[in-house]
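Shown here: input-v7.cif, mmCIF, C-alpha atoms (C1' of nucleotides).
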data_run
#
loop_
_atom_site.label_atom_id
_atom_site.label_comp_id
_atom_site.auth_asym_id
_atom_site.auth_seq_id
_atom_site.Cartn_x
_atom_site.Cartn_y
_atom_site.Cartn_z
CA MET A 153 -9.62 -0.66 0.82
CA LEU A 154 -9.85 -2.05 4.34
CA GLU A 155 -12.52 0.47 5.29
CA LEU A 156 -14.57 -0.44 2.24
CA ALA A 157 -14.40 -4.11 3.18
CA ILE A 158 -15.48 -3.36 6.75
CA LEU A 159 -18.43 -1.28 5.56
CA GLY A 160 -19.37 -3.97 3.05
CA PHE A 161 -19.28 -6.88 5.46
CA LEU A 162 -21.23 -5.00 8.13
CA ARG A 163 -23.85 -4.09 5.53
CA ASP A 164 -24.89 -7.76 5.54
CA ARG A 165 -24.85 -8.35 9.27
CA PRO A 166 -23.37 -7.08 12.54
CA LEU A 167 -20.02 -8.67 13.34
CA HIS A 168 -17.42 -8.49 16.06
CA GLY A 169 -13.82 -7.60 15.28
CA TYR A 170 -12.52 -11.13 15.36
CA ASP A 171 -15.11 -12.39 12.92
CA LEU A 172 -14.54 -9.38 10.70
CA ARG A 173 -10.86 -10.19 10.67
CA ARG A 174 -11.61 -13.73 9.44
CA ARG A 175 -13.82 -12.46 6.64
CA VAL A 176 -11.43 -9.74 5.53
CA ALA A 177 -8.61 -12.28 5.58
CA ALA A 178 -10.61 -14.64 3.36
CA LEU A 179 -11.36 -11.87 0.89
CA MET A 180 -7.98 -10.20 0.65
CA GLY A 181 -5.78 -11.99 3.16
CA HIS A 182 -4.50 -14.55 0.74
CA VAL A 183 -2.93 -11.70 -1.14
CA ARG A 184 -2.33 -9.25 1.70
CA PRO A 185 -2.93 -10.45 5.26
CA VAL A 186 -4.59 -7.95 7.55
CA ALA A 187 -2.78 -7.15 10.82
CA ASP A 188 -4.58 -6.57 14.11
CA GLY A 189 -2.70 -3.33 14.37
CA THR A 190 -4.41 -2.24 11.17
CA LEU A 191 -7.91 -3.58 11.80
CA TYR A 192 -8.62 -2.30 15.29
CA PRO A 193 -7.45 1.28 14.68
CA ALA A 194 -9.60 1.26 11.52
CA ILE A 195 -12.64 0.20 13.54
CA LYS A 196 -11.93 2.93 16.07
CA ARG A 197 -11.57 5.54 13.31
CA MET A 198 -14.79 4.47 11.69
CA ALA A 199 -16.67 4.49 15.00
CA ALA A 200 -15.40 8.03 15.60
CA ALA A 201 -16.66 8.98 12.13
CA GLY A 202 -20.09 7.67 13.11
CA TRP A 203 -20.17 4.91 10.51
CA LEU A 204 -20.55 2.14 13.05
CA VAL A 205 -21.39 1.68 16.73
CA ARG A 206 -19.89 -0.82 19.17
CA LYS A 207 -21.93 -2.78 21.71
CA ASP A 208 -20.33 -5.03 24.31
CA GLU A 209 -21.54 -8.62 24.55
CA PRO A 210 -20.32 -11.59 26.57
CA GLY A 211 -18.00 -13.72 24.45
CA VAL A 212 -19.46 -16.98 23.20
CA ALA A 213 -16.18 -18.85 23.33
CA ALA A 214 -13.94 -16.72 25.51
CA ALA A 215 -13.27 -13.04 26.05
CA PRO A 216 -16.12 -10.51 25.74
CA ARG A 217 -16.92 -9.23 22.26
CA ARG A 218 -17.62 -5.81 20.91
CA MET A 219 -20.33 -6.22 18.33
CA LEU A 220 -20.14 -3.77 15.42
CA TYR A 221 -23.30 -2.35 13.86
CA LEU A 222 -23.37 -0.29 10.70
CA THR A 223 -25.20 3.02 11.20
CA PRO A 224 -27.36 4.72 8.53
CA GLU A 225 -24.40 7.12 8.07
CA GLY A 226 -22.14 4.11 7.52
CA ARG A 227 -24.51 2.75 4.92
CA THR A 228 -24.57 6.09 3.14
CA GLU A 229 -20.78 6.18 3.22
CA LEU A 230 -20.58 2.67 1.73
CA GLU A 231 -22.90 3.66 -1.09
CA ARG A 232 -20.94 6.84 -1.73
CA ARG A 233 -17.70 4.87 -2.01
CA LEU A 234 -19.28 2.33 -4.34
CA ARG A 235 -20.96 4.91 -6.54
CA ASP A 236 -18.01 7.26 -6.81
CA PRO A 237 -14.74 5.33 -6.39
CA GLY A 238 -11.35 7.03 -6.68
CA GLU A 239 -9.05 6.39 -9.62
CA LEU A 240 -6.96 4.03 -7.52
CA ASP A 241 -10.02 1.90 -6.76
CA ILE A 242 -10.50 1.50 -10.50
CA SER A 243 -6.90 0.84 -11.52
CA ASP A 244 -5.42 -1.14 -8.63
CA GLU A 245 -6.53 -4.74 -8.95
CA ASN A 246 -6.64 -5.37 -5.19
CA ARG A 247 -8.84 -2.37 -4.61
CA TRP A 248 -11.00 -3.07 -7.63
CA PHE A 249 -11.66 -6.63 -6.49
CA THR A 250 -12.68 -5.38 -3.08
CA LEU A 251 -15.07 -2.94 -4.67
CA LEU A 252 -16.50 -5.69 -6.88
CA ALA A 253 -17.12 -7.86 -3.84
CA PHE A 254 -19.61 -5.32 -2.49
CA LEU A 255 -20.93 -3.64 -5.63
CA ARG A 256 -24.25 -5.43 -5.24
CA HIS A 257 -25.00 -3.04 -2.37
CA LEU A 258 -25.32 -0.26 -4.89
CA GLY A 259 -28.97 -0.90 -5.61
CA GLU A 260 -29.35 0.69 -9.06
CA PRO A 261 -28.25 -1.48 -12.03
CA LYS A 262 -27.60 1.73 -13.97
CA GLU A 263 -25.20 2.92 -11.29
CA GLN A 264 -23.51 -0.45 -11.12
CA ALA A 265 -23.07 -0.41 -14.89
CA ALA A 266 -21.56 3.08 -14.71
CA VAL A 267 -18.89 1.82 -12.31
CA LEU A 268 -18.13 -1.16 -14.56
CA ARG A 269 -17.84 1.23 -17.50
CA ARG A 270 -15.11 3.12 -15.69
CA ARG A 271 -13.12 -0.07 -15.25
CA LEU A 272 -13.77 -0.90 -18.90
CA ALA A 273 -12.42 2.47 -20.00
CA PHE A 274 -9.34 1.90 -17.87
CA LEU A 275 -8.67 -1.56 -19.34
CA GLU A 276 -9.14 -0.27 -22.86
CA GLU A 277 -6.52 2.44 -22.53
CA PRO A 278 -3.42 1.48 -24.50
CA THR A 279 -0.62 0.56 -22.11
CA SER A 280 2.92 -0.54 -22.38
CA PHE A 281 5.03 -1.68 -19.47
CA PHE A 282 8.37 -1.05 -21.10
CA TYR A 283 9.80 1.50 -23.46
CA ASP A 284 12.83 1.68 -25.70
CA GLY A 285 13.25 5.44 -25.60
CA ASP A 286 9.73 6.54 -26.52
CA ARG A 287 8.75 3.45 -28.44
CA PRO A 288 6.54 0.94 -26.58
CA MET A 289 7.89 -2.60 -26.72
CA ALA A 290 5.84 -5.69 -27.58
CA ALA A 291 6.14 -9.01 -25.78
CA GLU A 292 7.86 -10.70 -28.71
CA GLU A 293 10.72 -8.23 -28.58
CA PHE A 294 12.00 -9.46 -25.23
CA ALA A 295 14.59 -12.16 -25.04
CA ASP A 296 13.75 -12.03 -21.32
CA PRO A 297 11.24 -14.84 -20.60
CA PHE A 298 10.07 -13.10 -17.41
CA ARG A 299 9.01 -9.91 -19.08
CA GLN A 300 7.42 -12.00 -21.80
CA GLY A 301 5.46 -13.84 -19.12
CA LEU A 302 4.50 -10.60 -17.46
CA LEU A 303 2.92 -9.31 -20.66
CA THR A 304 1.33 -12.63 -21.51
CA ILE A 305 -0.35 -12.96 -18.13
CA ALA A 306 -1.47 -9.33 -18.08
CA HIS A 307 -3.01 -9.82 -21.52
CA ALA A 308 -4.85 -13.02 -20.55
CA THR A 309 -6.27 -11.39 -17.42
CA SER A 310 -7.47 -8.36 -19.23
CA GLN A 311 -9.13 -10.46 -21.95
CA ALA A 312 -11.05 -12.44 -19.35
CA GLU A 313 -12.14 -9.34 -17.51
CA LEU A 314 -13.07 -7.50 -20.70
CA ALA A 315 -15.34 -10.35 -21.78
CA TRP A 316 -17.06 -10.41 -18.40
CA LEU A 317 -17.42 -6.62 -18.31
CA HIS A 318 -19.04 -6.43 -21.74
CA ALA A 319 -21.52 -9.18 -20.94
CA THR A 320 -22.40 -7.84 -17.49
CA ILE A 321 -22.76 -4.22 -18.53
CA GLU A 322 -25.16 -5.24 -21.27
CA THR A 323 -27.28 -7.24 -18.84
CA LEU A 324 -27.32 -4.47 -16.25
CA GLU A 325 -28.24 -1.73 -18.68
CA SER A 326 -31.24 -3.66 -19.93
CA THR A 327 -32.43 -4.46 -16.41
CA GLN A 328 -35.24 -2.74 -14.53
CA ALA A 329 -34.22 -1.41 -11.13
CA PRO A 330 -35.12 -4.07 -8.55
CA PRO A 331 -37.38 -3.21 -5.60
CA ASP A 332 -34.37 -4.05 -3.35
CA ALA A 333 -34.12 -3.27 0.37
CA MET B 3 8.23 -2.38 -4.43
CA LEU B 4 9.40 1.06 -5.49
CA GLU B 5 12.91 0.41 -4.20
CA LEU B 6 13.08 -2.84 -6.13
CA ALA B 7 12.07 -1.05 -9.32
CA ILE B 8 14.71 1.64 -8.76
CA LEU B 9 17.44 -0.94 -8.18
CA GLY B 10 16.28 -2.89 -11.22
CA PHE B 11 16.20 0.04 -13.63
CA LEU B 12 19.58 1.34 -12.49
CA ARG B 13 21.06 -2.13 -12.96
CA ASP B 14 20.68 -1.59 -16.72
CA ARG B 15 21.97 1.96 -16.92
CA PRO B 16 22.50 5.12 -14.88
CA LEU B 17 19.45 7.37 -14.87
CA HIS B 18 18.45 10.69 -13.42
CA GLY B 19 15.40 11.00 -11.20
CA TYR B 20 13.10 12.37 -13.83
CA ASP B 21 13.87 9.58 -16.27
CA LEU B 22 13.49 7.03 -13.50
CA ARG B 23 10.09 8.46 -12.75
CA ARG B 24 9.02 7.95 -16.37
CA ARG B 25 10.16 4.33 -16.37
CA VAL B 26 8.62 3.49 -13.02
CA ALA B 27 5.39 5.11 -14.17
CA ALA B 28 5.36 2.98 -17.32
CA LEU B 29 5.93 -0.20 -15.33
CA MET B 30 3.54 0.34 -12.45
CA GLY B 31 2.10 3.78 -12.97
CA HIS B 32 -0.86 2.65 -14.97
CA VAL B 33 -1.99 0.77 -11.88
CA ARG B 34 -0.49 2.97 -9.17
CA PRO B 35 1.05 6.28 -10.19
CA VAL B 36 4.26 7.21 -8.41
CA ALA B 37 4.35 10.61 -6.68
CA ASP B 38 7.44 12.85 -6.59
CA GLY B 39 7.03 12.92 -2.84
CA THR B 40 7.53 9.16 -2.83
CA LEU B 41 10.29 8.86 -5.43
CA TYR B 42 12.75 11.48 -4.24
CA PRO B 43 12.75 10.48 -0.57
CA ALA B 44 13.25 6.88 -1.74
CA ILE B 45 16.29 7.92 -3.79
CA LYS B 46 17.64 9.82 -0.79
CA ARG B 47 17.13 6.80 1.50
CA MET B 48 18.83 4.49 -0.94
CA ALA B 49 21.77 6.84 -1.40
CA ALA B 50 22.15 6.97 2.38
CA ALA B 51 22.13 3.17 2.44
CA GLY B 52 24.98 3.19 -0.08
CA TRP B 53 23.01 1.46 -2.85
CA LEU B 54 23.44 4.32 -5.28
CA VAL B 55 25.50 7.48 -5.74
CA ARG B 56 24.39 10.81 -7.19
CA LYS B 57 26.49 12.90 -9.57
CA ASP B 58 25.48 16.34 -10.77
CA GLU B 59 25.35 17.01 -14.49
CA PRO B 60 24.16 19.98 -16.55
CA GLY B 61 20.59 19.38 -17.69
CA VAL B 62 20.15 18.54 -21.35
CA ALA B 63 16.80 20.25 -21.69
CA ALA B 64 16.56 22.50 -18.66
CA ALA B 65 17.47 22.27 -14.98
CA PRO B 66 20.63 20.40 -13.89
CA ARG B 67 20.29 16.66 -13.34
CA ARG B 68 21.49 14.39 -10.63
CA MET B 69 22.59 11.20 -12.36
CA LEU B 70 22.06 8.04 -10.30
CA TYR B 71 24.58 5.20 -10.43
CA LEU B 72 24.04 1.80 -8.85
CA THR B 73 26.93 0.83 -6.55
CA PRO B 74 28.23 -2.73 -6.11
CA GLU B 75 26.37 -2.72 -2.77
CA GLY B 76 23.20 -1.74 -4.61
CA ARG B 77 23.67 -4.56 -7.05
CA THR B 78 24.15 -7.01 -4.19
CA GLU B 79 20.99 -5.67 -2.57
CA LEU B 80 19.03 -6.11 -5.80
CA GLU B 81 20.17 -9.70 -6.10
CA ARG B 82 19.34 -10.36 -2.45
CA ARG B 83 15.81 -9.06 -2.95
CA LEU B 84 15.31 -11.08 -6.12
CA ARG B 85 16.73 -14.28 -4.65
CA ASP B 86 14.91 -14.10 -1.35
CA PRO B 87 11.66 -12.14 -1.72
CA GLY B 88 9.25 -11.66 1.19
CA GLU B 89 5.88 -13.39 1.28
CA LEU B 90 4.15 -10.20 0.15
CA ASP B 91 6.34 -10.04 -2.95
CA ILE B 92 5.08 -13.50 -3.85
CA SER B 93 1.40 -13.05 -3.06
CA ASP B 94 0.64 -9.44 -4.00
CA GLU B 95 0.22 -9.23 -7.75
CA ASN B 96 1.63 -5.71 -8.03
CA ARG B 97 4.77 -6.65 -6.14
CA TRP B 98 5.11 -9.96 -7.94
CA PHE B 99 4.93 -8.29 -11.34
CA THR B 100 7.62 -5.83 -10.33
CA LEU B 101 9.83 -8.69 -9.22
CA LEU B 102 9.20 -10.51 -12.50
CA ALA B 103 10.24 -7.44 -14.46
CA PHE B 104 13.76 -7.69 -13.04
CA LEU B 105 14.16 -11.38 -12.34
CA ARG B 106 16.52 -11.73 -15.29
CA HIS B 107 19.15 -9.95 -13.17
CA LEU B 108 19.34 -13.02 -10.98
CA GLY B 109 21.91 -14.78 -13.12
CA GLU B 110 21.36 -18.42 -12.16
CA PRO B 111 18.48 -20.21 -13.94
CA LYS B 112 18.21 -22.53 -10.92
CA GLU B 113 17.69 -19.57 -8.62
CA GLN B 114 15.18 -18.02 -10.98
CA ALA B 115 13.28 -21.30 -11.10
CA ALA B 116 13.27 -21.46 -7.28
CA VAL B 117 11.56 -18.06 -7.14
CA LEU B 118 8.98 -19.12 -9.73
CA ARG B 119 8.34 -22.29 -7.70
CA ARG B 120 7.41 -20.16 -4.70
CA ARG B 121 4.82 -18.32 -6.77
CA LEU B 122 3.60 -21.66 -8.12
CA ALA B 123 3.16 -23.01 -4.58
CA PHE B 124 1.22 -19.88 -3.66
CA LEU B 125 -1.12 -20.17 -6.66
CA GLU B 126 -1.73 -23.85 -5.99
CA GLU B 127 -2.89 -23.30 -2.42
CA PRO B 128 -6.63 -23.81 -2.21
CA THR B 129 -8.33 -20.47 -1.68
CA SER B 130 -11.82 -19.24 -1.24
CA PHE B 131 -12.79 -15.61 -1.18
CA PHE B 132 -16.08 -16.07 0.62
CA TYR B 133 -17.40 -18.34 3.33
CA ASP B 134 -20.82 -19.38 4.51
CA GLY B 135 -19.84 -20.02 8.12
CA ASP B 136 -16.88 -22.33 7.64
CA ARG B 137 -17.90 -23.66 4.24
CA PRO B 138 -16.11 -22.14 1.23
CA MET B 139 -18.51 -20.96 -1.45
CA ALA B 140 -18.19 -21.69 -5.17
CA ALA B 141 -18.82 -19.16 -7.91
CA GLU B 142 -22.07 -20.82 -9.00
CA GLU B 143 -23.58 -20.31 -5.58
CA PHE B 144 -23.72 -16.55 -5.90
CA ALA B 145 -26.75 -14.85 -7.29
CA ASP B 146 -24.49 -11.79 -7.19
CA PRO B 147 -23.01 -11.31 -10.70
CA PHE B 148 -20.13 -9.22 -9.32
CA ARG B 149 -18.82 -11.88 -6.99
CA GLN B 150 -19.28 -14.38 -9.79
CA GLY B 151 -17.18 -12.17 -12.03
CA LEU B 152 -14.58 -11.77 -9.34
CA LEU B 153 -14.11 -15.53 -9.07
CA THR B 154 -14.26 -16.05 -12.83
CA ILE B 155 -11.55 -13.47 -13.50
CA ALA B 156 -9.35 -14.69 -10.66
CA HIS B 157 -9.61 -18.20 -12.05
CA ALA B 158 -8.76 -17.18 -15.61
CA THR B 159 -5.72 -15.23 -14.43
CA SER B 160 -4.40 -18.02 -12.33
CA GLN B 161 -4.84 -20.54 -15.17
CA ALA B 162 -2.81 -18.35 -17.52
CA GLU B 163 -0.08 -17.81 -14.99
CA LEU B 164 0.04 -21.47 -13.99
CA ALA B 165 0.55 -22.53 -17.60
CA TRP B 166 3.35 -20.04 -18.04
CA LEU B 167 4.99 -20.99 -14.75
CA HIS B 168 5.04 -24.70 -15.54
CA ALA B 169 6.52 -24.15 -18.97
CA THR B 170 9.12 -21.64 -17.81
CA ILE B 171 10.24 -23.60 -14.76
CA GLU B 172 10.81 -26.64 -16.90
CA THR B 173 12.90 -24.68 -19.37
CA LEU B 174 14.94 -23.00 -16.64
CA GLU B 175 15.67 -26.19 -14.75
CA SER B 176 17.03 -27.90 -17.83
CA THR B 177 19.22 -24.91 -18.75
CA GLN B 178 22.93 -24.57 -18.18
CA ALA B 179 23.93 -21.45 -16.25
CA PRO B 180 24.83 -18.76 -18.80
CA PRO B 181 28.23 -17.06 -18.72
CA ASP B 182 26.31 -13.82 -18.00
CA ALA B 183 27.87 -10.49 -17.10
"C1'" DC C 15 -2.97 -30.37 36.50
"C1'" DC C 16 -0.88 -27.56 33.34
"C1'" DA C 17 0.56 -26.02 28.81
"C1'" DA C 18 -0.87 -24.84 24.49
"C1'" DT C 19 -4.25 -23.04 21.55
"C1'" DA C 20 -8.21 -20.40 20.05
"C1'" DT C 21 -10.98 -16.61 21.11
"C1'" DA C 22 -11.07 -11.67 21.63
"C1'" DT C 23 -9.44 -6.74 21.92
"C1'" DA C 24 -6.22 -3.11 21.96
"C1'" DT C 25 -1.89 0.21 21.89
"C1'" DC C 26 2.45 2.02 20.24
"C1'" DG C 27 6.56 3.33 17.58
"C1'" DG C 28 8.36 3.40 13.15
"C1'" DC C 29 8.07 4.02 8.52
"C1'" DG C 30 6.68 4.50 3.86
"C1'" DC C 31 3.31 6.77 0.88
"C1'" DC C 32 0.64 10.66 -0.73
"C1'" DG C 33 -0.84 15.30 -1.98
"C1'" DA C 34 0.30 19.94 -1.79
"C1'" DG C 35 3.49 23.12 -2.29
"C1'" DG C 36 7.99 25.28 -3.61
"C1'" DT C 37 12.15 26.38 -6.81
"C1'" DA C 38 14.45 26.92 -11.14
"C1'" DT C 39 15.48 26.59 -16.29
"C1'" DG C 40 14.76 26.58 -21.28
"C1'" DC C 41 11.85 26.05 -25.29
"C1'" DT C 42 7.67 27.05 -28.06
"C1'" DG C 43 3.91 29.37 -29.83
"C1'" DA C 44 0.35 33.12 -29.62
"C1'" DT D 198 7.16 39.57 -25.28
"C1'" DC D 199 5.65 36.50 -22.29
"C1'" DA D 200 2.58 32.82 -20.77
"C1'" DG D 201 2.56 28.11 -20.63
"C1'" DC D 202 4.63 23.83 -20.60
"C1'" DA D 203 8.13 20.30 -20.09
"C1'" DT D 204 12.17 19.46 -17.64
"C1'" DA D 205 14.22 18.75 -13.13
"C1'" DC D 206 14.56 18.50 -8.09
"C1'" DC D 207 13.01 18.69 -3.33
"C1'" DT D 208 10.37 19.27 1.52
"C1'" DC D 209 6.75 18.73 4.70
"C1'" DG D 210 2.56 17.35 7.25
"C1'" DG D 211 -0.68 13.88 7.67
"C1'" DC D 212 -2.06 9.40 7.72
"C1'" DG D 213 -2.55 4.56 7.17
"C1'" DC D 214 -0.13 0.15 7.70
"C1'" DC D 215 2.85 -3.12 10.08
"C1'" DG D 216 5.13 -5.81 13.66
"C1'" DA D 217 5.69 -6.21 18.38
"C1'" DT D 218 3.60 -6.33 22.54
"C1'" DA D 219 0.05 -6.71 26.19
"C1'" DT D 220 -4.12 -8.56 28.35
"C1'" DA D 221 -7.77 -11.83 29.50
"C1'" DT D 222 -10.68 -16.13 29.12
"C1'" DA D 223 -12.30 -20.84 27.85
"C1'" DT D 224 -11.30 -25.23 25.80
"C1'" DT D 225 -8.43 -29.13 24.54
"C1'" DG D 226 -4.99 -32.52 24.99
"C1'" DG D 227 -1.03 -34.65 27.19
#
As structure tokens:
Amino acid sequence: MLELAILGFLRDRPLHGYDLRRRVAALMGHVRPVADGTLYPAIKRMAAAGWLVRKDEPGVAAAPRRMLYLTPEGRTELERRLRDPGELDISDENRWFTLLAFLRHLGEPKEQAAVLRRRLAFLEEPTSFFYDGDRPMAAEEFADPFRQGLLTIAHATSQAELAWLHATIETLESTQAPPDA
Amino acid sequence: MLELAILGFLRDRPLHGYDLRRRVAALMGHVRPVADGTLYPAIKRMAAAGWLVRKDEPGVAAAPRRMLYLTPEGRTELERRLRDPGELDISDENRWFTLLAFLRHLGEPKEQAAVLRRRLAFLEEPTSFFYDGDRPMAAEEFADPFRQGLLTIAHATSQAELAWLHATIETLESTQAPPDA
DNA sequence: CCAATATATATCGGCGCCGAGGTATGCTGA
DNA sequence: TCAGCATACCTCGGCGCCGATATATATTGG
């Protein structure tokens, strides 16, 4: 999830670690703050994998910066991850939102629609959070107001997302591929 | 998150590992499946901590079972985690939902309301996912339909949860503490 | 003048999670 | 008869994440 965000942000413009940290924090940090001890090892890993290169620059405000540039390999890797996400990227809301934030970098509307269709299929699977033996339980059955709330909120979210998915998929599938960059 | 779910499920009734796995999978598994290699070490850890005890029983269907019983220490630990959750339990939706699923085990309506108020405070903080320099960007500013969707869905979810939180907090704070068990 | 803060990068130990693999039993259907 | 599946439990290596810690510089405010 972090690696996807790094690839995605660098796809727009080169950034140094500190700036990257601010952007990642804005995107996901409200929900899960990113620690330095997570970010810098990730950068190092990704540099070793050849997805980005580091170039030293004098710091504008203070200490020297290491500017990060996405390589063609990094760009390919970003597109691969967007085109063919793992099951967890589809089902886990945090991961899915991260993917959505950069899905525009997958140039083909048809490919974008295919990814949205996977999320749609996931949301349309029947699910129950709680069981009485083998029988799924409905929200109304709980005296517990918290479990009721849980199901109510989950339902509202999925309705909103479903509506957006249907509308967006339709638009994308009737769109010509843009010239793009 | 997993440990909280284990404590919560065992608070209702003793379970063996396999049954626990089914219940945890129903609660969170749709979003994040739980692996055996995660569950069994967690049980072992928690037994070592004195939160649960294991008792061997002949298997009903096949192999022998190790029944898991929550100890008084385990129950205290559950209540501690429900009463005083970490910031991540409040902000991360997956963790928050898990907490909500067992919040009824915190007997005092006043204490339950206090936990909901923390989530309320979190949701009411102004947030922006994306910045143009230092300026937060609104959904309408994006040509990108995916980032638009992201913000639209996040907004719908938070509206639904906010409504539920306000209603439930009010009810809880005007409730007498139940005799409970 | 000095302390605090923001900028900026990095390492390390610990720990939980995951996937792969291993073991064993009893039922069901080809 | 016997393969396959559901039941039932467990270990291990690898790896990513986290908190603590370290280092260095420029600005801001008391």
I want to know what sits within 12 Å of Glu229 (chain A), based on all atoms listed in the file, with residues of the same chain fewer than 2 positions away left out; could you give that as a tab-separated table (two decimals) with C-alpha atoms, in the coordinates of the input?
chain	number	residue	atom	x	y	z
A	155	GLU	CA	-12.52	0.47	5.29
A	156	LEU	CA	-14.57	-0.44	2.24
A	158	ILE	CA	-15.48	-3.36	6.75
A	159	LEU	CA	-18.43	-1.28	5.56
A	160	GLY	CA	-19.37	-3.97	3.05
A	163	ARG	CA	-23.85	-4.09	5.53
A	198	MET	CA	-14.79	4.47	11.69
A	201	ALA	CA	-16.66	8.98	12.13
A	202	GLY	CA	-20.09	7.67	13.11
A	203	TRP	CA	-20.17	4.91	10.51
A	204	LEU	CA	-20.55	2.14	13.05
A	222	LEU	CA	-23.37	-0.29	10.70
A	223	THR	CA	-25.20	3.02	11.20
A	224	PRO	CA	-27.36	4.72	8.53
A	225	GLU	CA	-24.40	7.12	8.07
A	226	GLY	CA	-22.14	4.11	7.52
A	227	ARG	CA	-24.51	2.75	4.92
A	231	GLU	CA	-22.90	3.66	-1.09
A	232	ARG	CA	-20.94	6.84	-1.73
A	233	ARG	CA	-17.70	4.87	-2.01
A	234	LEU	CA	-19.28	2.33	-4.34
A	235	ARG	CA	-20.96	4.91	-6.54
A	236	ASP	CA	-18.01	7.26	-6.81
A	237	PRO	CA	-14.74	5.33	-6.39
A	257	HIS	CA	-25.00	-3.04	-2.37
A	258	LEU	CA	-25.32	-0.26	-4.89
Practice problem: Point out the residue among B:Ala28, B:Ala44, B:Ala123, B:Leu118 with the least atom-to-atom distance to chain A, counting all atoms listed in the file. | Solution: B:Ala28
Listing only residues of chain C within 10 Å of chain A, what is the closest atom pair and its distance in Å (to one decimal) for each, using all atoms listed in the file, sorted by chain and residue number ascending, as a tab-separated table?
residue	atom	partner	partner_atom	distance
C:DA20	C1'	A:Ala214	CA	8.7
C:DT21	C1'	A:Ala214	CA	5.3
C:DA22	C1'	A:Ala215	CA	5.1
C:DT23	C1'	A:Arg217	CA	7.9
C:DA24	C1'	A:Tyr192	CA	7.1
C:DT25	C1'	A:Gly189	CA	8.4
C:DC26	C1'	A:Gly189	CA	9.5
Quiz item: Selected by the PyMOL selection byres ((chain D) within 9 of (chain A)) in the shown coordinates: which residues, as a list in words?
Solution: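 Listing what the PyMOL selection byres ((chain D) within 9 of (chain A)) selects in the shown file: DG213, DC214, DC215, DG216, DA221, DT222, DA223 and DT224 of chain D.
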Exercise. For chain B, report every residue with an atom at most 7 Å from chain A (counting only C-alpha atoms), formatted as a list in words.
Key: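 The contacting residues on chain B are Ala28, Leu29, Val33, Arg34, Leu90, Ser93, Asp94, Phe99, Leu102, Ala103, Leu105, Arg106, Ser130, Phe131, Phe132, Asp146, Phe148, Arg149, Gly151, Leu152, Ile155, Ala158, Thr159, Ala162, Glu163 and Trp166 of chain B.
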Evaluate the PyMOL selection byres ((chain C and resi 17) around 9) against this structure - the residues, as a PDB file with C-alpha atoms (C1' of nucleotides), keeping the file's coordinate frame, please.
ATOM      1  C1'  DC C  16      -0.880 -27.560  33.340  1.00  0.00           C
ATOM      2  C1'  DA C  18      -0.870 -24.840  24.490  1.00  0.00           C
TER       3       DA C  18
ATOM      4  C1'  DG D 227      -1.030 -34.650  27.190  1.00  0.00           C
TER       5       DG D 227
END
Practice problem: Please write as an NGL selection string the full residue list that the PyMOL selection byres ((chain C and resi 36) around 9) yields on this file. | Solution: (:C and (35 or 37)) or (:D and (207-208))
Practice problem: Can you work out the spacing between CA of Pro60 (chain B) and CA of Ile45 (chain B) in Å, to one decimal? | Solution: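 CA of Ile45 (chain B) lies 19.2 Å from CA of Pro60 (chain B).
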Quiz item: CA of Asp164 (chain A) and CA of Met219 (chain A), how far apart in Å?
Solution: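 Separation of CA of Met219 (chain A) and CA of Asp164 (chain A): 13.7 Å.
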Quiz prompt | Å distance separating CA of Arg270 (chain A) from CA of Gln328 (chain A), one decimal place | solution =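 One can read the CA of Arg270 (chain A) to CA of Gln328 (chain A) distance as 21.0 Å.
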Compile a residue-level contact table for chain C against region 200-206 of chain D at a cut-off of 9 Å, reporting for every qualifying residue the shortest atom pair and its distance in Å to one decimal, with all atoms listed in the file counted, rows ordered by chain and ascending number, as a tab-separated table.
residue	atom	partner	partner_atom	distance
C:DT37	C1'	D:DC206	C1'	8.3
C:DA38	C1'	D:DA205	C1'	8.4
C:DT39	C1'	D:DT204	C1'	8.0
C:DG40	C1'	D:DT204	C1'	8.4
C:DC41	C1'	D:DA203	C1'	8.6
C:DT42	C1'	D:DC202	C1'	8.7
Generate the missing atoms of region 102-108 of chain B up to N, CA and C atoms and report them as a PDB file, keeping the file's coordinate frame.
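The result, written out as rebuild10.pdb:
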ATOM      1  N   LEU B 102       9.060  -9.811 -11.228  1.00  0.00           N
ATOM      2  CA  LEU B 102       9.200 -10.510 -12.500  1.00  0.00           C
ATOM      3  C   LEU B 102       9.910  -9.643 -13.543  1.00  0.00           C
ATOM      4  N   ALA B 103       9.654  -8.355 -13.478  1.00  0.00           N
ATOM      5  CA  ALA B 103      10.240  -7.440 -14.460  1.00  0.00           C
ATOM      6  C   ALA B 103      11.757  -7.388 -14.374  1.00  0.00           C
ATOM      7  N   PHE B 104      12.302  -7.779 -13.221  1.00  0.00           N
ATOM      8  CA  PHE B 104      13.760  -7.690 -13.040  1.00  0.00           C
ATOM      9  C   PHE B 104      14.410  -9.020 -12.700  1.00  0.00           C
ATOM     10  N   LEU B 105      13.639 -10.069 -12.770  1.00  0.00           N
ATOM     11  CA  LEU B 105      14.160 -11.380 -12.340  1.00  0.00           C
ATOM     12  C   LEU B 105      15.317 -11.860 -13.212  1.00  0.00           C
ATOM     13  N   ARG B 106      15.416 -11.332 -14.426  1.00  0.00           N
ATOM     14  CA  ARG B 106      16.520 -11.730 -15.290  1.00  0.00           C
ATOM     15  C   ARG B 106      17.874 -11.354 -14.688  1.00  0.00           C
ATOM     16  N   HIS B 107      17.883 -10.376 -13.771  1.00  0.00           N
ATOM     17  CA  HIS B 107      19.150  -9.950 -13.170  1.00  0.00           C
ATOM     18  C   HIS B 107      19.674 -10.944 -12.136  1.00  0.00           C
ATOM     19  N   LEU B 108      18.858 -11.919 -11.803  1.00  0.00           N
ATOM     20  CA  LEU B 108      19.340 -13.020 -10.980  1.00  0.00           C
ATOM     21  C   LEU B 108      19.937 -14.038 -11.947  1.00  0.00           C
TER      22      LEU B 108
END
